[in-house]
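Novice: As input, take work-v8.txt (compact mmCIF, C-alpha atoms):
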```txt
# COMPACT_ATOMS: atom_id res chain seq x y z
CA MET A 1 20.27 5.26 0.88
CA TRP A 2 18.18 2.84 -1.18
CA SER A 3 15.23 0.89 0.25
CA LEU A 4 13.11 -1.77 -1.47
CA GLU A 5 9.69 -2.85 -0.16
CA LEU A 6 8.70 -6.23 -1.59
CA ASN A 7 4.93 -6.27 -1.15
CA ASP A 8 3.55 -7.55 -4.45
CA THR A 9 0.47 -5.32 -4.29
CA GLU A 10 2.88 -2.45 -4.90
CA ILE A 11 6.62 -3.08 -4.98
CA SER A 12 8.35 0.17 -4.02
CA LEU A 13 11.93 1.39 -4.32
CA ALA A 14 13.03 4.67 -2.75
CA GLN A 15 16.22 6.66 -2.57
CA ASP A 16 16.03 8.17 0.90
CA LEU A 17 12.37 9.34 1.01
CA ASP A 18 11.99 9.78 -2.75
CA ILE A 19 9.98 6.92 -4.29
CA VAL A 20 11.47 6.12 -7.69
CA TYR A 21 9.46 2.96 -8.44
CA ARG A 22 6.03 1.82 -7.18
CA GLN A 23 4.23 -0.79 -9.27
CA PRO A 24 2.47 -4.14 -8.66
CA GLY A 25 4.31 -7.47 -8.71
CA VAL A 26 2.51 -8.73 -11.81
CA ALA A 27 3.83 -9.98 -15.15
CA VAL A 28 2.39 -10.90 -18.54
CA VAL A 29 4.64 -13.38 -20.32
CA PHE A 30 4.72 -13.28 -24.12
CA GLU A 31 6.91 -15.39 -26.41
CA ASP A 32 9.30 -12.54 -27.14
CA ARG A 33 8.97 -10.23 -24.11
CA VAL A 34 7.60 -9.81 -20.60
CA ALA A 35 5.49 -6.91 -19.36
CA PHE A 36 5.78 -6.04 -15.65
CA GLY A 37 3.97 -3.84 -13.17
CA ASP A 38 1.48 -1.26 -14.40
CA ASP A 39 2.06 -2.30 -18.01
CA ALA A 40 1.13 -5.88 -17.11
CA PHE A 41 -1.96 -4.81 -15.15
CA LYS A 42 -3.27 -2.96 -18.22
CA GLN A 43 -3.14 -6.20 -20.22
CA ALA A 44 -4.05 -8.79 -17.57
CA ARG A 45 -7.70 -9.20 -18.64
CA LEU A 46 -6.75 -9.28 -22.31
CA HIS A 47 -4.21 -12.07 -21.77
CA PRO A 48 -5.34 -14.00 -18.67
CA ARG A 49 -3.41 -17.20 -19.52
CA GLN A 50 -0.15 -15.30 -19.87
CA THR A 51 -0.65 -13.30 -16.67
CA GLN A 52 1.51 -14.28 -13.69
CA THR A 53 0.68 -12.97 -10.20
CA HIS A 54 2.16 -15.58 -7.81
CA TYR A 55 5.90 -15.33 -8.43
CA TRP A 56 6.77 -12.88 -5.62
CA GLN A 57 4.61 -14.75 -3.12
CA ARG A 58 5.95 -18.20 -4.04
CA LEU A 59 9.55 -17.09 -4.71
CA ASN A 60 10.76 -20.53 -5.78
CA ALA A 61 12.02 -22.42 -8.81
CA GLU A 62 8.70 -24.06 -9.69
CA PRO A 63 7.85 -23.82 -13.41
CA ILE A 64 5.17 -21.43 -14.62
CA THR A 65 2.36 -22.57 -16.89
CA VAL A 66 3.32 -20.31 -19.81
CA SER A 67 6.99 -19.70 -20.53
CA GLY A 68 8.72 -17.17 -22.73
CA ARG A 69 12.21 -16.19 -23.71
CA ALA A 70 14.51 -16.66 -20.65
CA ILE A 71 11.42 -17.24 -18.46
CA ASN A 72 10.67 -20.76 -17.23
CA ASN A 73 9.88 -20.47 -13.52
CA HIS A 74 8.97 -18.10 -10.71
CA ALA A 75 12.61 -17.36 -9.88
CA ASP A 76 13.21 -16.24 -13.48
CA LEU A 77 10.33 -13.79 -13.21
CA VAL A 78 11.64 -12.39 -9.92
CA TYR A 79 15.09 -11.93 -11.50
CA GLN A 80 13.72 -10.21 -14.60
CA HIS A 81 11.43 -7.98 -12.52
CA LEU A 82 14.38 -6.91 -10.35
CA LEU A 83 16.29 -6.01 -13.50
CA GLU A 84 13.27 -3.99 -14.68
CA ILE A 85 13.09 -2.14 -11.35
CA LYS A 86 16.82 -1.48 -11.45
CA ARG A 87 16.65 -0.16 -15.02
CA LEU A 88 13.66 2.14 -14.50
CA SER A 89 14.96 3.54 -11.22
CA LYS A 90 18.58 3.84 -12.38
CA LEU A 91 19.76 1.89 -9.35
CA PRO A 92 23.57 1.56 -9.67
CA ASP A 93 25.22 -1.87 -9.76
CA ASN A 94 26.03 -3.35 -6.34
CA GLU A 95 24.59 -0.38 -4.46
CA PRO A 96 23.66 -1.39 -0.87
CA VAL A 97 19.88 -1.79 -0.56
CA PHE A 98 17.71 -2.19 2.54
CA VAL A 99 15.03 -4.77 1.66
CA ALA A 100 11.76 -5.29 3.57
CA VAL A 101 9.76 -8.48 2.99
CA PRO A 102 6.37 -9.69 4.33
CA SER A 103 6.33 -11.61 7.62
CA ASN A 104 5.34 -14.86 5.87
CA THR A 105 8.56 -15.03 3.82
CA ASP A 106 10.33 -18.26 4.83
CA PRO A 107 14.11 -18.89 5.15
CA GLU A 108 14.35 -20.76 1.84
CA GLN A 109 12.73 -17.84 0.04
CA LEU A 110 15.06 -15.35 1.74
CA SER A 111 18.07 -17.39 0.67
CA LEU A 112 16.82 -17.58 -2.91
CA LEU A 113 16.10 -13.84 -2.93
CA LEU A 114 19.67 -13.09 -1.86
CA GLY A 115 21.00 -15.26 -4.68
CA ILE A 116 18.72 -13.73 -7.32
CA ALA A 117 19.58 -10.21 -6.18
CA ASN A 118 23.28 -11.03 -6.37
CA GLU A 119 22.83 -12.25 -9.95
CA ALA A 120 21.10 -8.95 -10.75
CA SER A 121 24.04 -7.03 -9.19
CA ILE A 122 21.84 -5.74 -6.36
CA GLN A 123 23.60 -5.81 -2.99
CA ILE A 124 21.11 -6.51 -0.21
CA SER A 125 22.67 -4.94 2.89
CA THR A 126 19.74 -5.57 5.24
CA LEU A 127 16.73 -7.91 5.17
CA ALA A 128 13.91 -6.86 7.48
CA ASP A 129 10.40 -7.91 8.38
CA LEU A 130 8.15 -5.37 6.64
CA ALA A 131 5.55 -5.30 9.42
CA VAL A 132 8.09 -4.82 12.21
CA ALA A 133 9.96 -2.06 10.38
CA THR A 134 6.81 -0.17 9.39
CA ALA A 135 5.18 -0.47 12.83
CA SER A 136 8.35 0.90 14.45
CA THR A 137 7.33 4.34 13.14
CA VAL A 138 4.03 4.32 15.08
CA ALA A 139 4.00 5.17 18.80
CA ILE A 140 1.89 2.33 20.24
CA PRO A 141 2.82 0.63 23.53
CA GLY A 142 2.03 -3.00 24.31
CA ARG A 143 0.61 -5.55 21.90
CA CYS A 144 -0.87 -4.90 18.48
CA THR A 145 -1.53 -6.56 15.12
CA PHE A 146 -0.07 -5.16 11.92
CA LEU A 147 -2.36 -5.75 8.95
CA ASP A 148 -1.18 -5.64 5.35
CA ASN A 149 -2.42 -7.17 2.11
CA GLY A 150 -0.40 -8.83 -0.58
CA PHE A 151 -1.75 -9.78 -3.96
CA HIS A 152 -3.04 -13.20 -2.90
CA ARG A 153 -3.36 -12.95 0.88
CA SER A 154 -3.42 -10.58 3.80
CA VAL A 155 -0.76 -11.03 6.46
CA LEU A 156 -1.51 -10.43 10.14
CA THR A 157 1.64 -9.91 12.19
CA ARG A 158 1.41 -9.97 15.98
CA LEU A 159 3.79 -7.48 17.57
CA GLU A 160 5.09 -6.56 21.01
CA THR A 161 6.17 -2.95 21.44
CA ASN A 162 8.18 -1.71 24.41
CA GLY A 163 10.97 0.61 23.31
CA SER A 164 11.42 -1.79 20.41
CA VAL A 165 9.02 -3.64 18.12
CA THR A 166 9.26 -7.44 18.04
CA ARG A 167 7.40 -9.95 15.92
CA THR A 168 5.83 -12.72 17.98
CA SER A 169 3.82 -14.56 15.30
CA TYR A 170 2.01 -14.14 12.01
CA SER A 171 -0.90 -15.66 10.11
CA GLU A 172 -2.31 -15.44 6.58
CA MET A 173 -5.75 -14.67 5.16
CA PRO A 174 -6.23 -15.64 1.48
CA GLU A 175 -9.80 -14.32 1.57
CA THR A 176 -8.66 -10.70 1.83
CA GLY A 177 -5.77 -10.75 -0.60
CA PHE A 178 -5.87 -7.90 -3.09
CA GLN A 179 -6.82 -10.09 -6.05
CA SER A 180 -9.83 -11.61 -4.25
CA LEU A 181 -11.02 -8.16 -3.23
CA ILE A 182 -10.69 -6.64 -6.69
CA GLU A 183 -12.43 -9.61 -8.32
CA GLY A 184 -15.41 -8.86 -6.11
CA TRP A 185 -15.29 -5.13 -6.90
CA VAL A 186 -15.15 -5.76 -10.65
CA ASP A 187 -18.12 -8.14 -10.36
CA ALA A 188 -20.08 -5.54 -8.40
CA VAL A 189 -19.41 -2.84 -11.00
CA ALA A 190 -20.30 -5.24 -13.82
CA ASP A 191 -23.62 -6.02 -12.10
CA LEU A 192 -24.26 -2.27 -11.92
CA PHE A 193 -23.68 -1.98 -15.67
CA VAL A 194 -26.14 -4.80 -16.31
CA GLN A 195 -28.77 -3.17 -14.08
CA GLU A 196 -28.41 0.33 -15.50
CA THR A 197 -27.32 -0.19 -19.13
CA ARG A 198 -28.28 -3.81 -19.92
CA PHE A 199 -24.68 -4.41 -20.97
CA ASP A 200 -22.39 -6.94 -19.29
CA PRO A 201 -18.76 -5.73 -19.61
CA LEU A 202 -17.39 -9.09 -18.43
CA ARG A 203 -18.51 -10.82 -21.64
CA ILE A 204 -15.79 -9.05 -23.64
CA ALA A 205 -12.13 -8.96 -22.63
CA GLU A 206 -11.66 -5.39 -23.87
CA THR A 207 -14.50 -3.94 -21.77
CA GLU A 208 -13.59 -6.11 -18.78
CA GLN A 209 -10.09 -4.62 -18.94
CA GLN A 210 -11.57 -1.12 -19.02
CA VAL A 211 -13.61 -1.80 -15.87
CA PHE A 212 -10.59 -3.38 -14.15
CA ASN A 213 -8.34 -0.38 -14.95
CA GLN A 214 -10.82 2.20 -13.70
CA VAL A 215 -11.76 0.34 -10.52
CA LEU A 216 -8.06 0.03 -9.63
CA LYS A 217 -7.44 3.72 -10.27
CA ASN A 218 -10.44 4.97 -8.33
CA VAL A 219 -10.08 2.69 -5.32
CA ALA A 220 -6.54 4.05 -4.91
CA SER A 221 -7.84 7.64 -5.08
CA CYS A 222 -10.28 6.98 -2.17
CA GLU A 223 -13.07 9.09 -3.70
CA ASP A 224 -16.54 8.44 -2.25
CA GLU A 225 -18.02 8.24 -5.78
CA PHE A 226 -16.46 7.73 -9.18
CA LEU A 227 -17.48 7.14 -12.78
CA VAL A 228 -16.65 4.00 -14.73
CA ASP A 229 -16.89 4.68 -18.46
CA ILE A 230 -16.50 1.89 -21.06
CA SER A 231 -16.50 2.04 -24.84
CA HIS A 232 -17.31 -0.76 -27.28
CA ALA A 233 -18.41 -0.90 -30.90
CA GLY A 234 -18.70 2.86 -31.08
CA GLN A 235 -20.92 3.13 -28.00
CA SER A 236 -20.02 4.56 -24.60
CA ARG A 237 -21.67 3.47 -21.37
CA ARG A 238 -21.07 4.72 -17.86
CA VAL A 239 -22.20 4.13 -14.30
CA THR A 240 -21.61 5.98 -11.05
CA VAL A 241 -20.03 3.77 -8.38
CA ASN A 242 -20.14 4.52 -4.67
CA ARG A 243 -17.37 3.11 -2.48
CA SER A 244 -20.06 1.74 -0.17
CA LEU A 245 -21.03 -0.69 -2.96
CA LEU A 246 -17.49 -2.09 -2.97
CA ALA A 247 -17.43 -2.23 0.84
CA THR A 248 -20.71 -4.20 0.86
CA LYS A 249 -19.31 -6.62 -1.73
CA SER A 250 -16.32 -7.30 0.55
CA ARG A 251 -18.30 -7.68 3.77
CA GLN A 252 -18.08 -11.48 4.04
CA ARG A 253 -14.32 -11.29 3.56
CA PHE A 254 -14.11 -8.62 6.26
CA ASP A 255 -16.08 -10.84 8.63
CA ALA A 256 -13.59 -13.68 8.09
CA LEU A 257 -10.77 -11.24 8.84
CA LEU A 258 -12.47 -10.12 12.06
CA LEU A 259 -12.64 -13.74 13.20
CA GLN A 260 -8.92 -14.12 12.50
CA ILE A 261 -8.02 -10.98 14.49
CA GLY A 262 -10.17 -11.98 17.47
CA ASP A 263 -11.03 -9.81 20.46
CA PRO A 264 -10.86 -6.00 20.21
CA MET A 265 -7.28 -4.80 20.14
CA THR A 266 -4.97 -2.26 18.52
CA VAL A 267 -4.65 -2.81 14.77
CA VAL A 268 -2.01 -1.00 12.73
CA LEU A 269 -2.93 -0.74 9.05
CA SER A 270 -0.49 -0.38 6.20
CA HIS A 271 -1.31 2.49 3.84
CA ARG A 272 -2.19 -0.15 1.22
CA ILE A 273 -4.85 -2.01 3.12
CA ALA A 274 -6.21 1.23 4.62
CA ARG A 275 -7.38 2.13 1.08
CA VAL A 276 -9.70 -0.91 0.94
CA PRO A 277 -13.26 0.50 0.93
CA GLY A 278 -15.05 -0.02 4.23
CA LEU A 279 -12.33 -1.96 6.05
CA THR A 280 -11.32 0.71 8.58
CA GLU A 281 -14.96 1.34 9.47
CA VAL A 282 -15.65 -2.40 9.96
CA LEU A 283 -12.63 -2.74 12.27
CA ARG A 284 -13.71 0.24 14.37
CA GLU A 285 -17.30 -0.97 14.57
CA ALA A 286 -15.96 -4.26 15.94
CA GLY A 287 -14.19 -2.38 18.75
CA HIS A 288 -10.64 -2.35 17.37
CA GLU A 289 -8.48 0.74 17.80
CA THR A 290 -6.96 1.47 14.38
CA HIS A 291 -3.80 3.34 13.43
CA LEU A 292 -2.78 4.13 9.86
CA THR A 293 0.83 4.17 8.74
CA GLU A 294 2.11 6.71 6.27
CA PRO A 295 3.12 5.70 2.70
CA LEU A 296 6.76 6.57 3.44
CA ALA A 297 6.90 4.77 6.80
CA ILE A 298 9.05 1.84 5.67
CA PHE A 299 11.61 4.19 4.15
CA SER A 300 11.74 6.34 7.30
CA ALA A 301 12.35 3.15 9.29
CA ALA A 302 15.10 2.07 6.89
CA ILE A 303 16.91 5.40 7.28
CA ALA A 304 16.64 5.25 11.08
CA HIS A 305 17.97 1.68 11.12
CA GLU A 306 20.83 2.51 8.76
CA ASN A 307 21.95 5.43 10.91
CA ASP A 308 21.66 3.54 14.22
CA SER A 309 23.07 0.10 13.31
CA ALA A 310 26.53 -1.21 12.68
CA GLN A 311 26.79 -3.54 9.70
CA SER A 312 27.20 -7.20 10.60
CA GLU A 313 30.44 -8.94 9.69
CA SER A 314 28.69 -12.31 9.40
CA GLY A 315 26.54 -11.48 6.37
CA VAL A 316 22.90 -10.57 5.95
CA THR A 317 20.47 -11.61 8.68
CA PHE A 318 16.68 -11.36 8.77
CA ILE A 319 15.66 -8.67 11.27
CA THR A 320 12.44 -9.26 13.20
CA GLN A 321 13.06 -6.71 15.97
CA PHE A 322 13.36 -2.96 15.41
CA ALA A 323 14.07 -0.09 17.76
CA SER A 324 11.00 2.12 17.96
CA THR A 325 11.59 5.46 16.28
CA ASP A 326 9.91 7.06 19.32
CA CYS A 327 12.26 5.53 21.89
CA GLN A 328 14.45 8.64 21.79
CA ASN A 329 11.60 10.87 23.01
CA GLU A 330 11.53 12.19 26.57
CA PRO A 331 9.00 10.43 28.83
CA GLY A 332 5.63 12.13 28.73
CA SER A 333 6.50 14.18 25.66
CA ASP A 334 4.23 14.00 22.60
CA ARG A 335 6.44 16.18 20.43
CA GLY A 336 8.20 13.24 18.78
CA ARG A 337 4.85 11.68 17.91
CA ARG A 338 3.56 14.68 16.03
CA PRO A 339 3.44 14.73 12.24
CA THR A 340 6.04 16.83 10.48
CA HIS A 341 4.70 17.05 6.90
CA VAL A 342 1.51 17.11 4.85
CA LEU A 343 1.59 14.69 1.90
CA HIS A 344 -0.49 16.22 -0.92
CA GLY A 345 -0.28 14.23 -4.14
CA THR A 346 3.43 13.59 -4.64
CA GLU A 347 4.58 16.59 -2.59
CA ALA A 348 5.48 16.50 1.11
CA ILE A 349 4.95 19.98 2.58
CA SER A 350 6.46 20.89 5.95
CA LEU A 351 3.61 21.26 8.45
CA SER A 352 5.17 24.40 9.88
CA ASP A 353 5.17 25.93 6.38
CA PHE A 354 1.63 24.66 5.74
CA VAL A 355 0.34 26.27 8.94
CA SER A 356 2.19 29.55 8.50
CA ASP A 357 1.23 29.89 4.80
CA GLN A 358 -2.51 29.45 5.36
CA ASN A 359 -4.67 32.32 4.18
CA GLN A 360 -8.40 32.82 3.81
CA SER A 361 -8.53 31.99 0.08
CA SER A 362 -6.62 28.73 0.44
CA ASN A 363 -8.76 27.73 3.43
CA ASP A 364 -11.93 28.43 1.43
CA VAL A 365 -10.67 26.18 -1.38
CA ARG A 366 -9.54 23.36 0.93
CA GLY A 367 -12.43 23.71 3.35
CA PHE A 368 -10.26 23.44 6.48
CA ARG A 369 -7.27 24.84 8.31
CA ILE A 370 -4.65 23.20 10.53
CA GLU A 371 -3.60 24.73 13.83
CA LEU A 372 -1.06 23.78 16.50
CA ASP A 373 -1.80 24.04 20.21
CA GLU A 374 -0.33 22.46 23.36
CA SER A 375 -2.01 19.13 22.62
CA GLY A 376 -0.73 18.93 19.03
CA TYR A 377 -2.11 19.58 15.55
CA ARG A 378 -5.85 20.04 15.04
CA VAL A 379 -8.05 20.31 11.96
CA LEU A 380 -10.73 23.01 11.90
CA PRO A 381 -13.39 22.49 9.18
CA ASN A 382 -15.26 25.28 7.44
CA ALA A 383 -19.02 25.14 7.87
CA GLU A 384 -19.63 25.10 4.09
CA THR A 385 -17.49 22.05 3.28
CA GLU A 386 -17.70 18.43 4.41
CA ILE A 387 -14.33 17.40 5.76
CA LYS A 388 -13.48 13.80 6.63
CA ILE A 389 -10.63 12.42 8.71
CA ASN A 390 -9.98 8.76 7.95
CA ASP A 391 -13.35 8.66 6.13
CA VAL A 392 -15.26 9.99 9.18
CA ALA A 393 -16.95 13.38 8.74
CA ILE A 394 -16.08 16.04 11.34
CA ASP A 395 -17.94 19.21 12.28
CA SER A 396 -15.61 20.68 14.92
CA SER A 397 -11.93 20.98 15.83
CA THR A 398 -10.37 17.49 15.75
CA GLY A 399 -6.91 16.33 16.81
CA VAL A 400 -4.78 14.54 14.21
CA GLY A 401 -1.51 12.62 14.17
CA PRO A 402 0.83 10.75 11.81
CA GLY A 403 -1.04 8.59 9.29
CA ASP A 404 -4.34 10.47 9.52
CA VAL A 405 -5.92 11.33 6.17
CA ILE A 406 -7.88 14.57 5.65
CA ARG A 407 -10.27 14.67 2.69
CA ASN A 408 -12.47 17.34 1.18
CA ASP A 409 -14.67 16.93 -1.89
CA SER A 410 -11.79 16.52 -4.33
CA GLU A 411 -8.44 16.29 -2.54
CA GLU A 412 -6.57 14.19 -0.03
CA PHE A 413 -3.99 15.32 2.51
CA GLN A 414 -2.11 12.79 4.66
CA LEU A 415 -0.17 13.76 7.75
CA ILE A 416 3.20 12.03 7.91
CA ARG A 417 6.23 12.15 10.16
CA VAL A 418 9.62 12.27 8.45
CA ILE A 419 12.37 10.88 10.66
CA GLN A 420 15.87 12.23 10.25
CA ARG A 421 18.77 10.93 12.28
CA GLY A 422 22.50 11.06 12.17
```
If you convert what's in this file into structure tokens, what do you get?
Specialist:
Amino acid sequence: MWSLELNDTEISLAQDLDIVYRQPGVAVVFEDRVAFGDDAFKQARLHPRQTQTHYWQRLNAEPITVSGRAINNHADLVYQHLLEIKRLSKLPDNEPVFVAVPSNTDPEQLSLLLGIANEASIQISTLADLAVATASTVAIPGRCTFLDNGFHRSVLTRLETNGSVTRTSYSEMPETGFQSLIEGWVDAVADLFVQETRFDPLRIAETEQQVFNQVLKNVASCEDEFLVDISHAGQSRRVTVNRSLLATKSRQRFDALLLQIGDPMTVVLSHRIARVPGLTEVLREAGHETHLTEPLAIFSAAIAHENDSAQSESGVTFITQFASTDCQNEPGSDRGRRPTHVLHGTEAISLSDFVSDQNQSSNDVRGFRIELDESGYRVLPNAETEIKINDVAIDSSTGVGPGDVIRNDSEEFQLIRVIQRG
């Protein structure tokens, strides 16, 4: 089946659990063409007036400030971007697609989306609340808040979980939208260049774009330190950036988010917002219990829903309640909550194969091994290598579950749970 996740930080389309498109909801509008996604991001600082970043969030027919061929308003950009996604992913005409949208999408926007998709020959079979569907893959009883960030605002979705996951309310936080965060990170890196090289990369669009590209790439990789290297007029300059610098730059925004969340509670983080430097640590320091969702969670939820639900005869409805993917487990059993695969780069390796294939040489390279006992999977670090789980260093055997991220000096391994039903 096909599933489309419409978060404009990274719009994702998958066929079953195979992601065939994952790019930001950004466009650069020229007179004769439009660049979307990664291609647009690479030109955004070179052509700031032509860059459009609000069209997925606004999802309306309001005109844009700069128009191009066949592009006059936000709805036109959504339509053209859907065609781009369809072309690059080879999505067949009128193929049923499960579509997940942020909690703050209103009824008028949903109606417009259905019409635009129909014009693009994309058949939306199911419309679902992204937070509810994603959180249904995490075994958490009671109340929690699902936290995700779009390009211009974070969305906090309050959930009730009891055999099913139900949305009770949502709120928005513009201060911690992805664009606001990255503007701060770029400024922090530019200040570092001024301090260490006496060169301000923000004075020139070309060097500003270079900083922007590299900050984006390295924040996504979650490395503790990374190099930013810029070239101009035949000269190359570089600085070493620590993620803690970016976390410090975002601290005031984090504090505003903490006020919005309120008293200590369970917070479920999307894989997107979990990559924001320092955020998970700030939440835990404030007393919140955090759970990370896997990058494929929304697609696992879509498959489970497709297999368990009869199609409605009355058309497409917006789903804000999902059966928990753990509701089939026997009471008291943790087996259904265990991870099933290790996500390493773009490969998902069966945990049973990963455990059985471990040998001394591979453990020396990775710096850890994974074992299974009665309580579940555990990570055992080697004494010579620093191993972190969810950015916290460990020095002894530590239990892990779905969503946990294991890092050594150069690699990242995420534990995920693939759900198969039918």
Novice: Expressed in Å to a single decimal, how great is the separation between CA of Val342 in chain A and CA of Phe413 in chain A?
Specialist: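 These two atoms are separated by 6.2 Å.
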Novice: Under the rule that all atoms listed in the file are counted, which of A:Ala75, A:Leu279, A:Leu113, A:Ala14 is the nearest residue to Lys90 in chain A?
Specialist: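 Once distances to Lys90 in chain A are computed over all atoms listed in the file, the minimum belongs to A:Ala14.
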Novice: Rank A:Ala304, A:Ala44, A:Ile71, A:Ile273 by their smallest atom-to-atom distance to Gln210 in chain A, using all atoms listed in the file, and report the top residue only.
Specialist: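 Of all the options, A:Ala44 lies closest to Gln210 in chain A.
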Novice: Fewer than 3 positions away in the same chain doesn't count, so skip those; otherwise give me all residues within 10 Å of Ile19 in chain A, counting only C-alpha atoms, as a VMD selection string.
Specialist: chain A and resid 2 to 4 12 to 16 22 89 295 to 296 299 346
Novice: Can you pull out the residues contacting Leu283 in chain A? Cut-off 9 Å, using all atoms listed in the file, and skip same-chain residues under 3 positions away; I want them as a list in words.
Specialist: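 So, after excluding close chain neighbours, the residues are Phe254, Leu258, Pro264, Val267, Gly278, Leu279, Thr280, Ala286, Gly287, His288, Glu289 and Thr290 of chain A.
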Novice: Please, could you write that set of residues out with C-alpha atoms as a PDB file, in the frame of the given file?
Specialist:
```pdb
ATOM      1  CA  PHE A 254     -14.110  -8.620   6.260  1.00  0.00           C
ATOM      2  CA  LEU A 258     -12.470 -10.120  12.060  1.00  0.00           C
ATOM      3  CA  PRO A 264     -10.860  -6.000  20.210  1.00  0.00           C
ATOM      4  CA  VAL A 267      -4.650  -2.810  14.770  1.00  0.00           C
ATOM      5  CA  GLY A 278     -15.050  -0.020   4.230  1.00  0.00           C
ATOM      6  CA  LEU A 279     -12.330  -1.960   6.050  1.00  0.00           C
ATOM      7  CA  THR A 280     -11.320   0.710   8.580  1.00  0.00           C
ATOM      8  CA  ALA A 286     -15.960  -4.260  15.940  1.00  0.00           C
ATOM      9  CA  GLY A 287     -14.190  -2.380  18.750  1.00  0.00           C
ATOM     10  CA  HIS A 288     -10.640  -2.350  17.370  1.00  0.00           C
ATOM     11  CA  GLU A 289      -8.480   0.740  17.800  1.00  0.00           C
ATOM     12  CA  THR A 290      -6.960   1.470  14.380  1.00  0.00           C
TER      13      THR A 290
END
```
Novice: Quick one, how far is CA of Phe212 in chain A from CA of Val186 in chain A?
Specialist: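 If I compute the distance from CA of Phe212 in chain A to CA of Val186 in chain A, I get 6.2 Å.
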Novice: Give me, as JSON lines, the closest atom pair and its distance (Å, one decimal) for every residue of range 65-165 of chain A within a cut-off of 12 Å of range 382-402 of chain A, counting only C-alpha atoms, rows sorted by chain and rising number.
Specialist:
```
{"residue": "A:Thr137", "atom": "CA", "partner": "A:Pro402", "partner_atom": "CA", "distance": 9.2}
{"residue": "A:Val138", "atom": "CA", "partner": "A:Pro402", "partner_atom": "CA", "distance": 7.9}
{"residue": "A:Ala139", "atom": "CA", "partner": "A:Pro402", "partner_atom": "CA", "distance": 9.5}
{"residue": "A:Ile140", "atom": "CA", "partner": "A:Pro402", "partner_atom": "CA", "distance": 12.0}
```
Novice: Please determine, counting only C-alpha atoms, which residue among A:Leu415, A:Leu91, A:Leu227, A:Val155 has the shortest atom-to-atom distance to Met1 in chain A.
Specialist: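 Closest candidate: A:Leu91.
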Novice: Counting all atoms listed in the file, which of A:Arg338, A:Ala190, A:Leu59, A:Val355 gets nearest to Leu245 in chain A?
Specialist: A:Ala190
Novice: Neighbouring residues of Tyr79 in chain A were defined as those with any atom within 6 Å, considering only C-alpha atoms; residues of the same chain fewer than 3 positions away were excluded. Please report them as a list in words.
Specialist: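 Counting only the stated atoms, we get Asp76, Leu82 and Ile116 of chain A.
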Novice: Between range 325-412 of chain A and range 217-223 of chain A, at 10 Å or less, what are the per-residue closest atom pairs and their distances in Å? Count only C-alpha atoms, order by chain and rising residue number, and return it as JSON lines.
Specialist:
```
{"residue": "A:Asp391", "atom": "CA", "partner": "A:Cys222", "partner_atom": "CA", "distance": 9.0}
{"residue": "A:Arg407", "atom": "CA", "partner": "A:Glu223", "partner_atom": "CA", "distance": 8.9}
{"residue": "A:Asn408", "atom": "CA", "partner": "A:Glu223", "partner_atom": "CA", "distance": 9.6}
{"residue": "A:Asp409", "atom": "CA", "partner": "A:Glu223", "partner_atom": "CA", "distance": 8.2}
{"residue": "A:Ser410", "atom": "CA", "partner": "A:Glu223", "partner_atom": "CA", "distance": 7.6}
{"residue": "A:Glu411", "atom": "CA", "partner": "A:Glu223", "partner_atom": "CA", "distance": 8.6}
{"residue": "A:Glu412", "atom": "CA", "partner": "A:Ser221", "partner_atom": "CA", "distance": 8.4}
```
